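The structure under discussion appears below in the form of structure tokens.
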Amino acid sequence: MNPARLVVLASGGGRTLENLEKKIQEGYLHARIELVIVSSASIGAKQRAEKLELPCLVISKQSYPDREGREHRLLNAIFEARPDYVLLAGWLQLLPIPEQLEGKVLNIHPALLPAFGGQGFYGHHVHEAVAASGLRYSGCTVHFATSQYDVGPIILQSAVLLPEKVTSDQIADLVFAQECQAYPEALRFLLEGVAVWQDGQVLWA
């Protein structure tokens, strides 16, 4: 069986991209990253993609100031790569998901949804909110992306116990360690048919 075709979208440092490629090289994921799309030429994800020798395309607000034109270019690039799955890896723009991509776009969120989700809750903003809440736990959520922020069907969640008086930076480190396991695991469930998207729900074999 041919490896699954993946497109990864990134807006940050690229650590999630690097982790996914590592899992592929280790044989944990029977997949191949066909294309990396980044939202800026100056971010770490672009440098990591180049270091990993992965095809990389920049689709930024600078090169495509008009939102409609930018989204059109983005979707065209995705369709040209013919992906089995599109993986959002710290992608900070709401991706329009046409019917052809429903059930094919995955996201990982650095909290246990539905808590600390929605527009504006990303990266350090999430961890700062968790730290301020005084909760003794956090984690990450892998879910199918939809046309709204952080509300798609959940595939997998992984929780972590937080120490007392924890800082947002400490939370970030603890949660990212969970992300490194959860994202590849959720994708593997899908690739092996253990979990499937059906009519807007996640069904388990």
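In the structure tokens, chains take letters A, B, ... by order of appearance, with residues numbered from 1 within each chain and ligands from 1 in the order shown.
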Contacts of Tyr28 in chain A at 12 Å or less, counting only C-alpha atoms, minus same-chain residues fewer than 3 places along, as a PyMOL selection string?
chain A and resi 3+19-25+31-32+181+183-189+191-192
For the residues in that selection, give me C-alpha atoms as a PDB file, in the first residue's frame.
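Everything below was put into again.pdb:
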ATOM      1  CA  PRO A   3       2.087   5.795   1.959  1.00  0.00           C
ATOM      2  CA  ASN A  19       7.947  15.675  15.032  1.00  0.00           C
ATOM      3  CA  LEU A  20       5.605  14.340  12.342  1.00  0.00           C
ATOM      4  CA  GLU A  21       8.472  13.840   9.906  1.00  0.00           C
ATOM      5  CA  LYS A  22      10.433  12.066  12.648  1.00  0.00           C
ATOM      6  CA  LYS A  23       7.528   9.653  13.221  1.00  0.00           C
ATOM      7  CA  ILE A  24       7.406   8.987   9.481  1.00  0.00           C
ATOM      8  CA  GLN A  25      11.139   8.301   9.291  1.00  0.00           C
ATOM      9  CA  ALA A  31       2.897   8.403   5.215  1.00  0.00           C
ATOM     10  CA  ARG A  32       4.823  10.996   3.258  1.00  0.00           C
ATOM     11  CA  GLN A 181       2.601  11.647  21.085  1.00  0.00           C
ATOM     12  CA  TYR A 183      -0.929  13.947  16.980  1.00  0.00           C
ATOM     13  CA  PRO A 184       0.921  11.012  15.393  1.00  0.00           C
ATOM     14  CA  GLU A 185      -1.218   8.553  17.350  1.00  0.00           C
ATOM     15  CA  ALA A 186      -4.482  10.120  16.166  1.00  0.00           C
ATOM     16  CA  LEU A 187      -3.239  10.169  12.576  1.00  0.00           C
ATOM     17  CA  ARG A 188      -2.183   6.524  12.837  1.00  0.00           C
ATOM     18  CA  PHE A 189      -5.683   5.597  14.039  1.00  0.00           C
ATOM     19  CA  LEU A 191      -4.472   5.671   8.528  1.00  0.00           C
ATOM     20  CA  GLU A 192      -5.097   2.190   9.916  1.00  0.00           C
TER      21      GLU A 192
END
What does the structure give for the distance between CA of Leu156 in chain A and CA of Gln198 in chain A, in Å to one decimal?
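Going from CA of Leu156 in chain A over to CA of Gln198 in chain A covers 16.0 Å.
Nearest to His124 in chain A of all the residues A:Ser147, A:Ser42, A:Gln93, A:Gln170 is A:Gln170, counting only C-alpha atoms.
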Which of range 21-174 of chain A counts as alpha helix (DSSP H) under DSSP, as number ranges by chain please?
A: 21-25, 44-51, 67-81, 123-133, 168-174
I need the chosen residues saved as a CSV table (one decimal), in the first residue's frame, with C-alpha atoms.
chain,number,residue,atom,x,y,z
A,21,GLU,CA,8.5,13.8,9.9
A,22,LYS,CA,10.4,12.1,12.6
A,23,LYS,CA,7.5,9.7,13.2
A,24,ILE,CA,7.4,9.0,9.5
A,25,GLN,CA,11.1,8.3,9.3
A,44,GLY,CA,11.0,28.8,11.8
A,45,ALA,CA,8.7,26.3,10.1
A,46,LYS,CA,10.1,27.3,6.7
A,47,GLN,CA,13.7,26.8,7.9
A,48,ARG,CA,12.8,23.4,9.4
A,49,ALA,CA,11.0,22.3,6.2
A,50,GLU,CA,14.1,23.2,4.2
A,51,LYS,CA,16.4,21.4,6.7
A,67,ARG,CA,-7.9,37.3,1.7
A,68,GLU,CA,-10.0,35.8,-1.0
A,69,GLY,CA,-7.0,35.5,-3.3
A,70,ARG,CA,-4.9,34.1,-0.5
A,71,GLU,CA,-7.5,31.4,0.3
A,72,HIS,CA,-7.9,30.6,-3.4
A,73,ARG,CA,-4.1,30.1,-3.8
A,74,LEU,CA,-4.0,28.0,-0.6
A,75,LEU,CA,-6.8,25.6,-1.6
A,76,ASN,CA,-5.3,25.3,-5.1
A,77,ALA,CA,-2.0,24.3,-3.6
A,78,ILE,CA,-3.6,21.8,-1.3
A,79,PHE,CA,-5.6,20.2,-4.1
A,80,GLU,CA,-2.6,20.0,-6.4
A,81,ALA,CA,-0.8,17.9,-3.7
A,123,GLY,CA,-0.2,29.1,21.6
A,124,HIS,CA,0.8,31.1,24.7
A,125,HIS,CA,-2.6,32.7,25.0
A,126,VAL,CA,-4.0,29.2,25.9
A,127,HIS,CA,-1.3,28.4,28.4
A,128,GLU,CA,-1.6,31.8,30.1
A,129,ALA,CA,-5.4,31.3,30.5
A,130,VAL,CA,-4.9,27.9,32.0
A,131,ALA,CA,-2.3,29.2,34.4
A,132,ALA,CA,-4.6,32.0,35.5
A,133,SER,CA,-7.5,29.6,36.0
A,168,SER,CA,2.5,29.3,31.4
A,169,ASP,CA,5.9,28.4,30.0
A,170,GLN,CA,6.0,25.2,32.1
A,171,ILE,CA,2.5,24.3,30.9
A,172,ALA,CA,3.6,24.9,27.4
A,173,ASP,CA,6.5,22.4,27.8
A,174,LEU,CA,4.3,19.8,29.5
Selection near Val8 in chain A, 9 Å with only C-alpha atoms, sequence-local residues under 5 positions removed, as an MDAnalysis selection string
chainID A and resid 17 33:38 85:89
Those same residues, written as a short mmCIF file (atom, residue, chain, number, x, y, z; two decimals), in the first residue's frame with N, CA and C atoms?
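What landed in result10.cif:
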data_model
loop_
_atom_site.label_atom_id
_atom_site.label_comp_id
_atom_site.auth_asym_id
_atom_site.auth_seq_id
_atom_site.Cartn_x
_atom_site.Cartn_y
_atom_site.Cartn_z
N LEU A 17 5.78 20.00 12.88
CA LEU A 17 6.17 19.48 11.56
C LEU A 17 7.36 18.53 11.71
N ILE A 33 5.09 13.37 3.64
CA ILE A 33 4.71 14.79 3.57
C ILE A 33 5.00 15.28 2.16
N GLU A 34 3.93 15.54 1.42
CA GLU A 34 4.06 15.97 0.04
C GLU A 34 4.35 17.46 -0.08
N LEU A 35 3.85 18.22 0.89
CA LEU A 35 4.00 19.67 0.81
C LEU A 35 3.84 20.29 2.19
N VAL A 36 4.67 21.28 2.46
CA VAL A 36 4.52 22.11 3.65
C VAL A 36 4.14 23.51 3.17
N ILE A 37 3.09 24.07 3.73
CA ILE A 37 2.68 25.44 3.40
C ILE A 37 2.87 26.29 4.65
N VAL A 38 3.60 27.37 4.54
CA VAL A 38 3.83 28.26 5.68
C VAL A 38 3.25 29.63 5.38
N TYR A 85 -4.64 13.56 3.89
CA TYR A 85 -4.96 14.38 5.07
C TYR A 85 -4.17 15.68 5.03
N VAL A 86 -4.80 16.73 5.53
CA VAL A 86 -4.15 18.03 5.72
C VAL A 86 -4.00 18.22 7.22
N LEU A 87 -2.78 18.50 7.67
CA LEU A 87 -2.50 18.62 9.09
C LEU A 87 -2.17 20.07 9.43
N LEU A 88 -2.98 20.66 10.29
CA LEU A 88 -2.71 22.02 10.77
C LEU A 88 -1.73 21.90 11.94
N ALA A 89 -0.58 22.52 11.79
CA ALA A 89 0.48 22.41 12.79
C ALA A 89 0.85 23.81 13.28
#
Calculate how many Å separate CA of Cys180 in chain A from CA of Ala111 in chain A, rounding to one decimal.
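Between CA of Cys180 in chain A and CA of Ala111 in chain A the gap works out to 13.7 Å.
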